[in-house]
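Okay, structure.txt now, which holds compact mmCIF, C-alpha atoms and all ligand atoms:
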# COMPACT_ATOMS: atom_id res chain seq x y z
CA MET A 30 105.12 85.36 78.69
CA PRO A 31 105.49 82.46 81.18
CA ALA A 32 108.08 80.51 79.16
CA THR A 33 110.40 82.58 77.00
CA VAL A 34 113.46 81.35 75.14
CA VAL A 35 116.42 83.46 74.01
CA VAL A 36 118.43 81.94 71.16
CA GLY A 37 121.40 83.14 69.15
CA SER A 38 120.52 83.53 65.50
CA GLN A 39 124.02 83.74 64.00
CA TRP A 40 127.34 82.06 64.94
CA GLY A 41 127.17 82.91 68.65
CA ASP A 42 128.28 86.08 70.45
CA GLU A 43 125.13 87.90 69.34
CA GLY A 44 124.88 89.59 72.73
CA LYS A 45 122.50 87.00 74.18
CA GLY A 46 123.91 87.72 77.63
CA ARG A 47 122.72 91.33 77.37
CA VAL A 48 119.31 90.25 76.08
CA VAL A 49 118.90 87.61 78.79
CA ASP A 50 119.99 90.14 81.41
CA LEU A 51 117.31 92.53 80.15
CA LEU A 52 114.54 89.92 80.16
CA ALA A 53 115.72 88.27 83.39
CA ALA A 54 114.72 91.41 85.28
CA ASP A 55 111.09 90.28 84.81
CA SER A 56 111.70 86.53 85.20
CA ASP A 57 111.48 84.25 88.22
CA LEU A 58 113.80 81.48 87.06
CA VAL A 59 116.54 81.32 84.40
CA VAL A 60 117.50 77.99 82.82
CA ARG A 61 120.40 76.90 80.61
CA TYR A 62 119.55 73.88 78.48
CA GLN A 63 122.69 72.99 76.49
CA GLY A 64 126.41 73.57 76.04
CA GLY A 65 128.99 74.15 78.72
CA ASN A 66 131.70 76.64 79.53
CA ASN A 67 132.45 77.13 75.85
CA ALA A 68 129.77 79.85 76.16
CA GLY A 69 130.60 83.28 77.43
CA HIS A 70 127.92 85.81 78.28
CA THR A 71 129.13 89.28 79.12
CA VAL A 72 127.14 91.81 81.10
CA TRP A 73 128.32 95.21 82.32
CA ILE A 74 126.85 96.53 85.54
CA GLY A 75 128.06 100.11 85.70
CA ASP A 76 131.79 99.95 85.03
CA GLN A 77 132.07 96.35 86.21
CA LYS A 78 132.35 93.58 83.66
CA PHE A 79 130.86 90.17 84.43
CA ALA A 80 131.46 87.22 82.11
CA VAL A 81 129.60 84.03 82.95
CA HIS A 82 130.33 80.76 81.20
CA LEU A 83 128.28 78.10 82.95
CA ILE A 84 125.95 79.81 85.36
CA PRO A 85 122.94 81.38 83.62
CA THR A 86 123.22 85.14 83.17
CA GLY A 87 120.06 85.55 85.28
CA VAL A 88 122.20 85.06 88.39
CA LEU A 89 123.41 88.64 87.91
CA ARG A 90 119.82 89.77 88.59
CA GLY A 91 119.75 87.65 91.74
CA LYS A 92 117.42 85.09 90.13
CA PRO A 93 117.32 81.35 90.85
CA CYS A 94 119.12 79.50 88.06
CA VAL A 95 119.13 75.99 86.66
CA LEU A 96 121.90 74.14 84.84
CA GLY A 97 119.82 71.76 82.75
CA ALA A 98 120.26 68.13 81.71
CA GLY A 99 121.36 69.03 78.18
CA MET A 100 124.48 70.71 79.51
CA VAL A 101 128.00 69.37 79.97
CA ILE A 102 129.43 70.66 83.22
CA ASP A 103 133.00 71.12 84.38
CA LEU A 104 132.54 71.32 88.15
CA ASP A 105 135.99 72.87 88.66
CA VAL A 106 134.96 75.74 86.42
CA LEU A 107 131.61 76.00 88.17
CA LEU A 108 133.34 76.26 91.53
CA GLU A 109 135.64 78.96 90.23
CA GLU A 110 132.78 80.89 88.62
CA GLU A 111 130.69 80.67 91.78
CA GLY A 112 133.62 81.87 93.91
CA GLU A 113 134.38 84.77 91.57
CA LEU A 114 130.75 85.95 91.47
CA GLU A 115 130.23 85.58 95.23
CA SER A 116 133.44 87.52 95.92
CA ARG A 117 131.95 90.35 93.85
CA GLY A 118 128.69 90.38 95.80
CA ILE A 119 126.52 88.21 93.52
CA PRO A 120 124.68 85.53 95.51
CA VAL A 121 125.06 82.17 93.75
CA ARG A 122 125.04 79.29 96.21
CA GLY A 123 121.39 79.36 97.24
CA ASN A 124 120.26 80.27 93.73
CA LEU A 125 121.77 77.33 91.89
CA ARG A 126 120.20 74.00 90.92
CA ILE A 127 122.21 71.48 88.89
CA SER A 128 120.61 68.69 86.89
CA GLU A 129 121.56 65.20 88.03
CA ASN A 130 121.26 64.17 84.36
CA ALA A 131 123.81 66.66 83.01
CA HIS A 132 127.09 65.13 81.91
CA LEU A 133 130.44 65.89 83.50
CA ILE A 134 133.41 67.33 81.64
CA LEU A 135 136.46 65.56 83.05
CA PRO A 136 140.18 66.29 82.62
CA TYR A 137 140.62 63.61 79.96
CA HIS A 138 138.04 65.33 77.74
CA LYS A 139 140.25 68.42 77.54
CA LEU A 140 143.39 66.35 76.94
CA ILE A 141 141.71 64.40 74.13
CA GLU A 142 140.32 67.56 72.53
CA GLU A 143 143.76 69.17 72.50
CA GLN A 144 145.23 66.11 70.79
CA GLU A 145 142.33 65.87 68.31
CA GLU A 146 142.68 69.49 67.27
CA LYS A 147 146.42 68.90 66.73
CA ARG A 148 145.68 65.77 64.71
CA ARG A 149 143.28 67.70 62.47
CA GLY A 150 146.03 70.16 61.60
CA LYS A 151 144.75 72.54 58.93
CA ARG A 152 141.24 71.13 59.33
CA ALA A 153 141.10 72.02 63.06
CA ILE A 154 137.69 73.27 64.19
CA GLY A 155 139.18 76.02 66.33
CA THR A 156 137.33 74.80 69.40
CA THR A 157 137.35 76.62 72.72
CA GLY A 158 139.45 73.80 74.22
CA ARG A 159 137.04 73.24 77.11
CA GLY A 160 136.42 69.53 76.47
CA ILE A 161 132.93 70.08 75.10
CA GLY A 162 133.07 67.79 72.03
CA PRO A 163 134.65 64.79 73.81
CA ALA A 164 132.15 65.09 76.70
CA TYR A 165 129.18 65.04 74.31
CA GLU A 166 130.85 62.15 72.43
CA ASP A 167 130.88 60.12 75.65
CA LYS A 168 127.28 61.04 76.31
CA ALA A 169 126.22 59.77 72.88
CA ALA A 170 128.39 56.67 73.24
CA ARG A 171 126.71 55.96 76.62
CA ARG A 172 129.96 55.92 78.55
CA GLY A 173 129.73 59.41 80.09
CA LEU A 174 129.56 60.19 83.79
CA ARG A 175 126.61 62.25 84.92
CA VAL A 176 126.40 64.71 87.78
CA GLY A 177 124.06 62.30 89.59
CA ASP A 178 126.72 59.56 89.49
CA LEU A 179 128.64 61.51 92.13
CA THR A 180 125.95 60.83 94.72
CA ASP A 181 126.69 57.13 95.18
CA ARG A 182 130.38 56.53 95.92
CA GLN A 183 130.33 52.91 94.73
CA THR A 184 128.73 53.83 91.41
CA LEU A 185 131.25 56.63 91.06
CA THR A 186 134.21 54.34 91.75
CA ASP A 187 133.00 51.72 89.27
CA ARG A 188 132.08 54.10 86.46
CA LEU A 189 135.10 56.32 86.89
CA HIS A 190 137.64 53.50 86.91
CA ASP A 191 136.04 51.97 83.86
CA ALA A 192 136.04 55.29 82.00
CA VAL A 193 139.58 56.27 82.97
CA LYS A 194 140.94 52.85 81.96
CA TYR A 195 139.51 53.33 78.48
CA LYS A 196 140.59 56.98 78.17
CA ASN A 197 144.12 56.28 79.35
CA LEU A 198 144.47 53.59 76.70
CA LEU A 199 143.38 56.13 74.12
CA LEU A 200 145.68 58.84 75.44
CA LYS A 201 148.68 56.51 75.60
CA LYS A 202 148.26 54.32 72.51
CA ILE A 203 146.67 56.73 70.03
CA TYR A 204 147.99 60.11 71.07
CA GLY A 205 151.12 59.16 73.03
CA SER A 206 150.22 61.68 75.71
CA PRO A 207 150.24 61.55 79.54
CA SER A 208 147.43 59.69 81.25
CA VAL A 209 145.01 60.57 84.05
CA ASP A 210 145.24 59.32 87.65
CA PRO A 211 141.85 57.79 88.53
CA ASP A 212 142.38 57.97 92.32
CA ARG A 213 143.21 61.64 92.22
CA LEU A 214 140.25 62.33 89.96
CA TYR A 215 137.97 60.37 92.32
CA HIS A 216 139.17 62.42 95.25
CA ASP A 217 138.65 65.72 93.36
CA LEU A 218 135.14 64.72 92.31
CA VAL A 219 134.15 63.70 95.83
CA THR A 220 135.35 67.09 97.10
CA LEU A 221 133.33 68.85 94.41
CA HIS A 222 130.28 66.78 95.28
CA ASP A 223 130.65 67.70 98.94
CA HIS A 224 130.44 71.32 97.84
CA PHE A 225 127.62 71.11 95.27
CA GLY A 226 125.67 68.08 96.59
CA GLU A 227 122.68 70.03 97.86
CA ALA A 228 122.17 71.81 94.55
CA ILE A 229 121.99 68.56 92.55
CA CYS A 230 118.47 67.38 91.80
CA ASP A 231 115.90 66.56 89.11
CA THR A 232 115.80 70.09 87.69
CA SER A 233 112.99 69.25 85.25
CA LEU A 234 110.72 69.21 88.33
CA VAL A 235 112.04 72.60 89.45
CA VAL A 236 111.19 74.08 86.04
CA GLN A 237 107.83 72.32 85.87
CA GLU A 238 106.81 73.51 89.34
CA ALA A 239 107.80 77.07 88.46
CA LEU A 240 105.67 76.98 85.29
CA ASP A 241 102.75 75.25 87.06
CA SER A 242 102.68 77.96 89.71
CA GLY A 243 102.57 80.71 87.09
CA GLN A 244 106.18 81.86 87.41
CA ARG A 245 108.01 83.34 84.45
CA VAL A 246 110.82 81.11 83.24
CA LEU A 247 113.52 82.29 80.87
CA PHE A 248 115.49 79.72 78.87
CA GLU A 249 118.95 80.97 78.03
CA GLY A 250 120.44 79.60 74.84
CA ALA A 251 124.19 79.49 74.39
CA HIS A 252 126.20 79.72 71.13
CA GLY A 253 124.18 80.30 67.96
CA THR A 254 121.98 78.54 65.44
CA LEU A 255 124.77 78.27 62.88
CA LEU A 256 126.86 76.40 65.48
CA ASP A 257 124.09 73.82 65.95
CA ILE A 258 125.46 70.32 65.43
CA ASP A 259 122.59 69.36 63.09
CA TRP A 260 121.72 72.66 61.40
CA GLY A 261 124.94 74.65 61.55
CA THR A 262 127.93 74.80 59.25
CA TYR A 263 128.98 71.22 60.06
CA PRO A 264 131.69 70.21 60.97
CA TYR A 265 132.59 73.76 62.09
CA VAL A 266 129.97 73.68 64.83
CA THR A 267 129.70 72.96 68.52
CA SER A 268 128.61 69.53 69.75
CA SER A 269 125.12 70.37 71.01
CA ASN A 270 121.85 71.86 69.72
CA PRO A 271 121.54 75.57 70.55
CA LEU A 272 118.20 75.62 68.68
CA SER A 273 115.02 76.43 70.62
CA GLY A 274 113.83 72.87 69.86
CA GLU A 275 116.41 71.65 72.34
CA VAL A 276 114.80 73.54 75.23
CA ALA A 277 112.31 70.72 75.78
CA ALA A 278 114.88 67.91 75.88
CA GLY A 279 117.65 69.90 77.55
CA ALA A 280 115.52 71.40 80.31
CA GLY A 281 113.11 68.46 80.59
CA ILE A 282 109.76 70.08 79.80
CA SER A 283 107.10 69.59 77.17
CA PRO A 284 107.64 71.66 74.00
CA LYS A 285 103.99 72.67 74.32
CA LEU A 286 104.92 74.83 77.31
CA ILE A 287 107.07 77.28 75.34
CA ASP A 288 105.27 80.57 74.72
CA HIS A 289 107.69 82.99 73.17
CA ILE A 290 111.02 82.82 71.32
CA VAL A 291 113.36 85.77 71.06
CA GLY A 292 116.25 85.66 68.61
CA ALA A 293 119.35 87.71 69.36
CA ALA A 294 121.12 89.04 66.26
CA LYS A 295 124.02 91.41 65.95
CA ALA A 296 123.47 94.34 63.58
CA TYR A 297 126.37 92.80 61.63
CA THR A 298 127.87 89.30 61.86
CA THR A 299 130.79 87.74 63.74
CA ARG A 300 132.29 84.31 64.02
CA VAL A 301 135.07 82.76 66.15
CA GLY A 302 136.99 79.71 65.06
CA ALA A 303 137.27 78.19 61.60
CA GLY A 304 134.54 77.60 59.02
CA PRO A 305 132.71 79.37 56.21
CA PHE A 306 131.53 82.95 56.63
CA PRO A 307 130.10 84.38 53.36
CA THR A 308 129.88 88.06 54.38
CA GLU A 309 133.27 88.25 56.14
CA THR A 310 134.95 91.60 55.40
CA GLU A 311 138.60 92.32 54.81
CA GLU A 312 140.66 92.81 57.98
CA SER A 313 141.03 96.62 57.65
CA LEU A 314 137.24 97.02 57.80
CA ALA A 315 136.90 94.39 60.54
CA GLN A 316 139.33 96.38 62.66
CA LYS A 317 137.01 99.37 62.56
CA MET A 318 134.30 97.31 64.24
CA ARG A 319 136.43 95.12 66.52
CA GLU A 320 137.34 97.71 69.15
CA PRO A 321 133.97 99.51 69.41
CA GLY A 322 132.13 96.18 69.32
CA GLY A 323 134.48 94.50 71.83
CA GLU A 324 134.84 91.70 69.30
CA PHE A 325 137.13 89.40 71.23
CA GLY A 326 135.88 85.97 72.39
CA SER A 327 134.74 86.17 76.02
CA THR A 328 135.85 82.58 76.61
CA THR A 329 139.15 82.45 74.73
CA GLY A 330 139.97 86.11 74.05
CA ARG A 331 140.41 85.35 70.32
CA ALA A 332 139.76 88.21 67.89
CA ARG A 333 136.40 87.54 66.26
CA ARG A 334 136.03 87.46 62.47
CA ILE A 335 133.64 90.18 61.33
CA GLY A 336 131.26 90.65 58.39
CA TRP A 337 128.12 92.45 57.29
CA PHE A 338 124.63 91.39 58.35
CA ASP A 339 123.62 88.26 56.50
CA ALA A 340 119.84 87.93 56.09
CA MET A 341 120.24 84.41 54.66
CA VAL A 342 121.70 83.28 58.00
CA VAL A 343 119.12 84.95 60.24
CA ARG A 344 116.21 83.96 57.97
CA LYS A 345 117.24 80.34 58.44
CA SER A 346 117.38 80.91 62.21
CA VAL A 347 113.96 82.53 62.31
CA ARG A 348 112.50 79.49 60.57
CA LEU A 349 114.34 76.78 62.53
CA ASN A 350 113.82 78.36 65.95
CA GLY A 351 110.34 79.78 65.39
CA ILE A 352 111.63 83.21 66.40
CA ASP A 353 108.71 85.52 67.32
CA ALA A 354 110.77 88.63 67.95
CA LEU A 355 114.27 89.84 67.27
CA ALA A 356 116.64 91.69 69.57
CA ILE A 357 119.18 93.57 67.44
CA THR A 358 122.39 94.22 69.34
CA HIS A 359 125.50 96.37 68.72
CA LEU A 360 123.64 98.85 66.48
CA ASP A 361 125.91 101.65 67.75
CA VAL A 362 128.96 99.95 66.21
CA LEU A 363 127.55 100.85 62.78
CA ASP A 364 127.23 104.57 63.70
CA GLN A 365 130.55 105.24 61.91
CA PHE A 366 129.57 104.16 58.38
CA ASP A 367 128.19 106.30 55.51
CA GLU A 368 126.79 103.22 53.84
CA ILE A 369 126.05 99.75 55.20
CA PRO A 370 125.85 96.67 53.00
CA VAL A 371 123.38 93.95 53.99
CA CYS A 372 123.45 90.51 52.36
CA VAL A 373 119.96 89.82 51.04
CA ALA A 374 120.55 86.69 48.93
CA TYR A 375 123.18 84.25 47.68
CA ARG A 376 123.90 83.40 44.06
CA CYS A 377 125.61 80.26 42.89
CA ASP A 378 126.50 79.58 39.22
CA GLY A 379 124.33 82.54 38.21
CA LYS A 380 121.25 81.19 40.02
CA ASP A 381 119.56 82.44 43.19
CA VAL A 382 120.05 80.11 46.15
CA PRO A 383 116.65 79.62 47.83
CA SER A 384 117.89 79.15 51.42
CA PHE A 385 121.09 78.99 53.44
CA PRO A 386 122.76 75.71 52.35
CA ASN A 387 123.41 72.97 54.90
CA ASP A 388 126.48 71.76 53.06
CA ILE A 389 129.61 73.88 53.48
CA ALA A 390 130.97 72.91 50.06
CA ARG A 391 127.80 74.37 48.48
CA LEU A 392 128.06 77.37 50.76
CA ALA A 393 131.62 77.98 49.58
CA GLY A 394 130.29 78.35 46.02
CA CYS A 395 127.77 81.02 47.07
CA GLU A 396 128.31 84.67 46.33
CA PRO A 397 126.58 87.09 48.72
CA ILE A 398 124.34 89.66 47.03
CA TYR A 399 124.27 92.97 48.87
CA GLU A 400 121.80 95.77 49.20
CA THR A 401 123.47 98.96 50.39
CA LEU A 402 121.58 100.98 52.97
CA PRO A 403 122.42 104.57 53.88
CA GLY A 404 124.19 105.00 57.22
CA TRP A 405 123.23 107.58 59.87
CA THR A 406 126.70 108.71 60.97
CA SER A 407 125.56 109.94 64.36
CA ASP A 408 125.81 108.61 67.89
CA THR A 409 122.99 106.20 68.80
CA SER A 410 124.51 105.07 72.10
CA LYS A 411 122.44 107.44 74.22
CA VAL A 412 119.11 106.89 72.48
CA THR A 413 116.48 105.25 74.66
CA SER A 414 113.40 105.14 72.42
CA PHE A 415 113.02 103.77 68.92
CA SER A 416 111.47 106.93 67.52
CA ASP A 417 114.52 108.92 68.66
CA LEU A 418 116.90 106.81 66.58
CA PRO A 419 118.06 108.56 63.38
CA ASP A 420 115.67 107.82 60.50
CA ASN A 421 118.24 105.75 58.65
CA ALA A 422 118.95 103.67 61.76
CA GLN A 423 115.21 102.98 62.12
CA ARG A 424 115.08 102.02 58.42
CA TYR A 425 118.11 99.76 58.83
CA VAL A 426 116.55 97.92 61.78
CA ASP A 427 113.18 97.55 60.08
CA ARG A 428 114.77 96.41 56.82
CA ILE A 429 116.54 93.64 58.75
CA GLY A 430 113.25 92.59 60.32
CA ASP A 431 111.53 92.54 56.91
CA LEU A 432 114.34 90.56 55.29
CA VAL A 433 114.38 87.83 57.92
CA GLY A 434 110.65 87.71 58.62
CA ALA A 435 110.47 88.69 62.31
CA PRO A 436 109.62 91.96 64.06
CA VAL A 437 112.39 93.74 65.91
CA THR A 438 111.23 94.38 69.49
CA HIS A 439 114.54 95.27 71.15
CA VAL A 440 117.51 97.31 69.96
CA LEU A 441 120.69 97.46 72.04
CA VAL A 442 123.01 100.41 71.53
CA GLY A 443 125.82 99.81 74.00
CA ARG A 444 127.12 97.56 76.72
CA GLU A 445 125.35 99.22 79.66
CA ARG A 446 122.02 97.97 80.98
CA ASP A 447 120.27 101.25 80.18
CA GLN A 448 121.50 101.32 76.59
CA SER A 449 118.50 99.26 75.57
CA ILE A 450 115.51 100.25 73.46
CA VAL A 451 112.30 98.28 73.97
CA ARG A 452 109.73 98.85 71.28
P1 LIG B 1 133.51 73.95 70.95
O1 LIG B 1 132.10 74.32 71.28
O2 LIG B 1 134.50 74.41 72.00
O3 LIG B 1 133.64 72.51 70.62
O4 LIG B 1 133.92 74.77 69.62
C1 LIG B 1 133.34 74.48 68.36
C2 LIG B 1 133.15 75.76 67.55
O5 LIG B 1 132.13 76.54 68.15
C3 LIG B 1 134.38 76.67 67.49
O6 LIG B 1 134.39 77.31 66.22
C4 LIG B 1 134.12 77.69 68.57
O7 LIG B 1 134.82 78.91 68.33
C5 LIG B 1 132.62 77.85 68.42
N1 LIG B 1 131.98 78.29 69.67
C6 LIG B 1 131.66 77.54 70.72
N2 LIG B 1 131.03 78.28 71.65
C7 LIG B 1 130.94 79.53 71.16
C8 LIG B 1 130.37 80.75 71.65
O8 LIG B 1 129.81 80.83 72.75
N3 LIG B 1 130.50 81.82 70.83
C9 LIG B 1 131.07 81.75 69.61
N4 LIG B 1 131.62 80.64 69.11
C10 LIG B 1 131.56 79.53 69.88
Would you put the structure from the file into structure tokens?
Ligand code: IMP
Amino acid sequence: MPATVVVGSQWGDEGKGRVVDLLAADSDLVVRYQGGNNAGHTVWIGDQKFAVHLIPTGVLRGKPCVLGAGMVIDLDVLLEEEGELESRGIPVRGNLRISENAHLILPYHKLIEEQEEKRRGKRAIGTTGRGIGPAYEDKAARRGLRVGDLTDRQTLTDRLHDAVKYKNLLLKKIYGSPSVDPDRLYHDLVTLHDHFGEAICDTSLVVQEALDSGQRVLFEGAHGTLLDIDWGTYPYVTSSNPLSGEVAAGAGISPKLIDHIVGAAKAYTTRVGAGPFPTETEESLAQKMREPGGEFGSTTGRARRIGWFDAMVVRKSVRLNGIDALAITHLDVLDQFDEIPVCVAYRCDGKDVPSFPNDIARLAGCEPIYETLPGWTSDTSKVTSFSDLPDNAQRYVDRIGDLVGAPVTHVLVGRERDQSIVR
């Protein structure tokens, strides 16, 4: 498929990095279209762990990568990530293109986010603290600085001084916190531009040219559908649109060019940060899955909340994203259970709820209805073909596909590259 999208169909951390890594092997270009370094995609190559936050996972396959216009980019983090990967033998420099239209995350965004989370107190979102929300706020308010603004030093001086003046007022008068030095920030940004300047361009043309010449382009979603600012569990969401619909705007291509959409879904559900989670299990059960599933945030290291597979969530994702095929990850983590509950519906005040509610107050009143499937209690981590999975594991996977309305084409049974079943 020339243009394939991988999206997360739950609350993020579905193992998209693993799925992208698998599909990137047959791709010519890998493109991120939204979010920033709040994402964390983990890939194991042998016994080496790689966690990328900004650079598309495709870089680990040596593929050219694009940071699209819909992203918010912290160039300090990018520099660090590039250095770390290069020092471990992954070529980055020549493979990277950065959109001139992407917005910059600047130090004041992180300071403001920290203060805002404190101000919210009990209602804190539990953000990753990377300045994502404040950077997207500035973008929407039309006072953000874009990567392309670094190219012209006069424009940079003018825009930066204007922005810092405003932010320092906010930091001082509203939050009573230390301010930012505009001259130092200018100097840091110029140094970063000297380093990245050649990679900055109109990346929509790079993607278009790749598609026009018949190359295979993979669009790498970050976060998950339920963290989408419009369709997620607002306000406990991120500040961008992880949905496949954002590929067109965030990468700068026509939506008509998208051929195939793969949804990544964990065989159970996890969530980091605050917000509703109908199938969340009690902690003793969560602990059984946390270690084998590596359920600690790859960006913040926080222990993830864990629950059973929720078909209401993934059904909504299949519909909103137009998911053609599902990649089920972490199936091996369920090897230990005699029985596995799957949420098939919600009930509220004795009535069936037709679809996953948009309003979290309504969601809080929903009771998950479970169907219990028999477990397989045997090791799936070495299985390489679908027909060799235990019968009950095959039934589990197919039941999930039936419940959410999309065929399961990939099943991942471990962290290694070869622990992948393609149907
Ligand atoms: P922010 O994106 O840092 O503003 O955080 C907003 C919410 O999204 C918080 O609940 C985060 O934990 C969550 N979040 C953001 N990115 C990810 C991700 O990549 N995986 C899982 N949760 C995420």
Quick one: everything within 7 Å of A:Val176, counting only C-alpha atoms, minus sequence neighbours fewer than 3 positions away in the same chain. Send it as a PyMOL selection string.
-> chain A and resi 129-133+179
Produce a file of the selected residues containing C-alpha atoms, as a PDB file, in the frame of the given file.
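Printed below is out_13.pdb as written:
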ATOM      1  CA  GLU A 129     121.560  65.200  88.030  1.00  0.00           C
ATOM      2  CA  ASN A 130     121.260  64.170  84.360  1.00  0.00           C
ATOM      3  CA  ALA A 131     123.810  66.660  83.010  1.00  0.00           C
ATOM      4  CA  HIS A 132     127.090  65.130  81.910  1.00  0.00           C
ATOM      5  CA  LEU A 133     130.440  65.890  83.500  1.00  0.00           C
ATOM      6  CA  LEU A 179     128.640  61.510  92.130  1.00  0.00           C
TER       7      LEU A 179
END
In Å and to one decimal, atom C7 of ligand LIG 1 (chain B) is distant from atom CA of A:Asp447 by 25.8 Å
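Considering all atoms listed in the file, the residues that reside within 7 Å of ligand LIG 1 (chain B) can be listed as Trp40, Gly41, Asp42, Asn67, Ala68, Gly69, Ile154, Gly155, Thr156, Thr157, Gly158, Arg159, Gly160, Ile161, Gly162, Ala251, His252, Leu256, Tyr265, Val266, Thr267, Ser268, Arg300, Val301, Gly302, Ala303 and Gly326 of chain A.
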Residues of stretch 186-241 of chain A that approach stretch 45-61 of chain A to 10 Å or less, counting all atoms listed in the file: could you list each one with the shortest pair of atoms and its distance in Å to one decimal, rows by chain and increasing residue number, as CSV?
residue,atom,partner,partner_atom,distance
A:Thr232,CA,A:Val60,CA,9.4
A:Val235,CA,A:Leu58,CA,9.4
A:Val236,CA,A:Leu58,CA,7.9
A:Ala239,CA,A:Leu58,CA,7.6
A:Leu240,CA,A:Leu58,CA,9.5
Write the residues you've just listed into a file as a PDB file, in the coordinates of the input, and include C-alpha atoms for each of them.
ATOM      1  CA  THR A 232     115.800  70.090  87.690  1.00  0.00           C
ATOM      2  CA  VAL A 235     112.040  72.600  89.450  1.00  0.00           C
ATOM      3  CA  VAL A 236     111.190  74.080  86.040  1.00  0.00           C
ATOM      4  CA  ALA A 239     107.800  77.070  88.460  1.00  0.00           C
ATOM      5  CA  LEU A 240     105.670  76.980  85.290  1.00  0.00           C
TER       6      LEU A 240
END
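For the choices A:Val442, A:Ala170, A:Val291, A:Ala228, the atom-to-atom distance to A:Pro321 is smallest for A:Val442 when using only C-alpha atoms.
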Contact residues around A:Gly253 with all atoms listed in the file at 12 Å, ignoring same-chain residues under 5 positions, as a PyMOL selection string = chain A and resi 35-45+63-64+67-69+258+260-262+266-273+292-295+298-301+342-343+345-347+349-350
Which neighbours of A:Arg175 fall inside 12 Å, counting all atoms listed in the file, when residues of the same chain fewer than 4 positions from it are skipped, and could you give them as an MDAnalysis selection string?
-> chainID A and resid 97:104 127:135 164:165 167:168 171 179:181 184:185 188:189 218 222 229:230
Using all atoms listed in the file, the best pick from A:Glu146, A:Glu400, A:Asp431, A:Asp259 as closest to A:Asn387 would be A:Asp259
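Picture a line from atom CA of A:Phe306 to atom CA of A:Arg376; it runs 14.7 Å.
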d(atom CA of A:Gly404, atom CA of A:His359) in Å = 14.4 Å
Residues at most 9 Å from A:Leu140, counting all atoms listed in the file, excluding those fewer than 3 positions away in the same chain, as a PDB file with C-alpha atoms, in the frame of the given file?
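Wrote it out as selection26.pdb, contents follow:
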ATOM      1  CA  PRO A 136     140.180  66.290  82.620  1.00  0.00           C
ATOM      2  CA  TYR A 137     140.620  63.610  79.960  1.00  0.00           C
ATOM      3  CA  GLU A 143     143.760  69.170  72.500  1.00  0.00           C
ATOM      4  CA  GLN A 144     145.230  66.110  70.790  1.00  0.00           C
ATOM      5  CA  GLU A 145     142.330  65.870  68.310  1.00  0.00           C
ATOM      6  CA  GLY A 158     139.450  73.800  74.220  1.00  0.00           C
ATOM      7  CA  GLY A 160     136.420  69.530  76.470  1.00  0.00           C
ATOM      8  CA  LEU A 200     145.680  58.840  75.440  1.00  0.00           C
ATOM      9  CA  SER A 206     150.220  61.680  75.710  1.00  0.00           C
ATOM     10  CA  PRO A 207     150.240  61.550  79.540  1.00  0.00           C
ATOM     11  CA  SER A 208     147.430  59.690  81.250  1.00  0.00           C
TER      12      SER A 208
END
If we count all atoms listed in the file, what is near stretch 411-424 of chain A at a cut-off of 8 Å, once residues fewer than 5 positions away on the same chain are taken out, given as a list in words?
-> Pro403, Gly404, Trp405, Val440, Val442, Asp447, Gln448, Ser449, Ile450, Val451 and Arg452 of chain A
Can you sort out the box for stretch 194-210 of chain A, edges along x, y and z, all listed atoms in, 5 Å on every side, with centre and edge lengths in Å to one decimal, as lines of an AutoDock Vina configuration file?
center_x = 145.3
center_y = 57.3
center_z = 78.8
size_x = 21.6
size_y = 18.8
size_z = 27.6
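The residue that comes closest to A:Asp427, out of A:Tyr375, A:Ala296, A:Glu396, A:Arg245 and on the basis of all atoms listed in the file, is A:Ala296.
Counting all atoms listed in the file, the residue from A:Leu402, A:Ala390, A:Leu355, A:Val219 that sits nearest to A:Ile369 is A:Leu402.
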From the set A:Arg391, A:Asp367, A:Leu221, A:Val88, which residue has the shortest atom-to-atom contact distance to A:Glu109, counting all atoms listed in the file?
-> A:Leu221
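If all atoms listed in the file are the atoms counted, then among A:Leu234, A:Ile290, A:Leu174, A:Ile84 the closest residue to A:Leu247 is A:Ile290.
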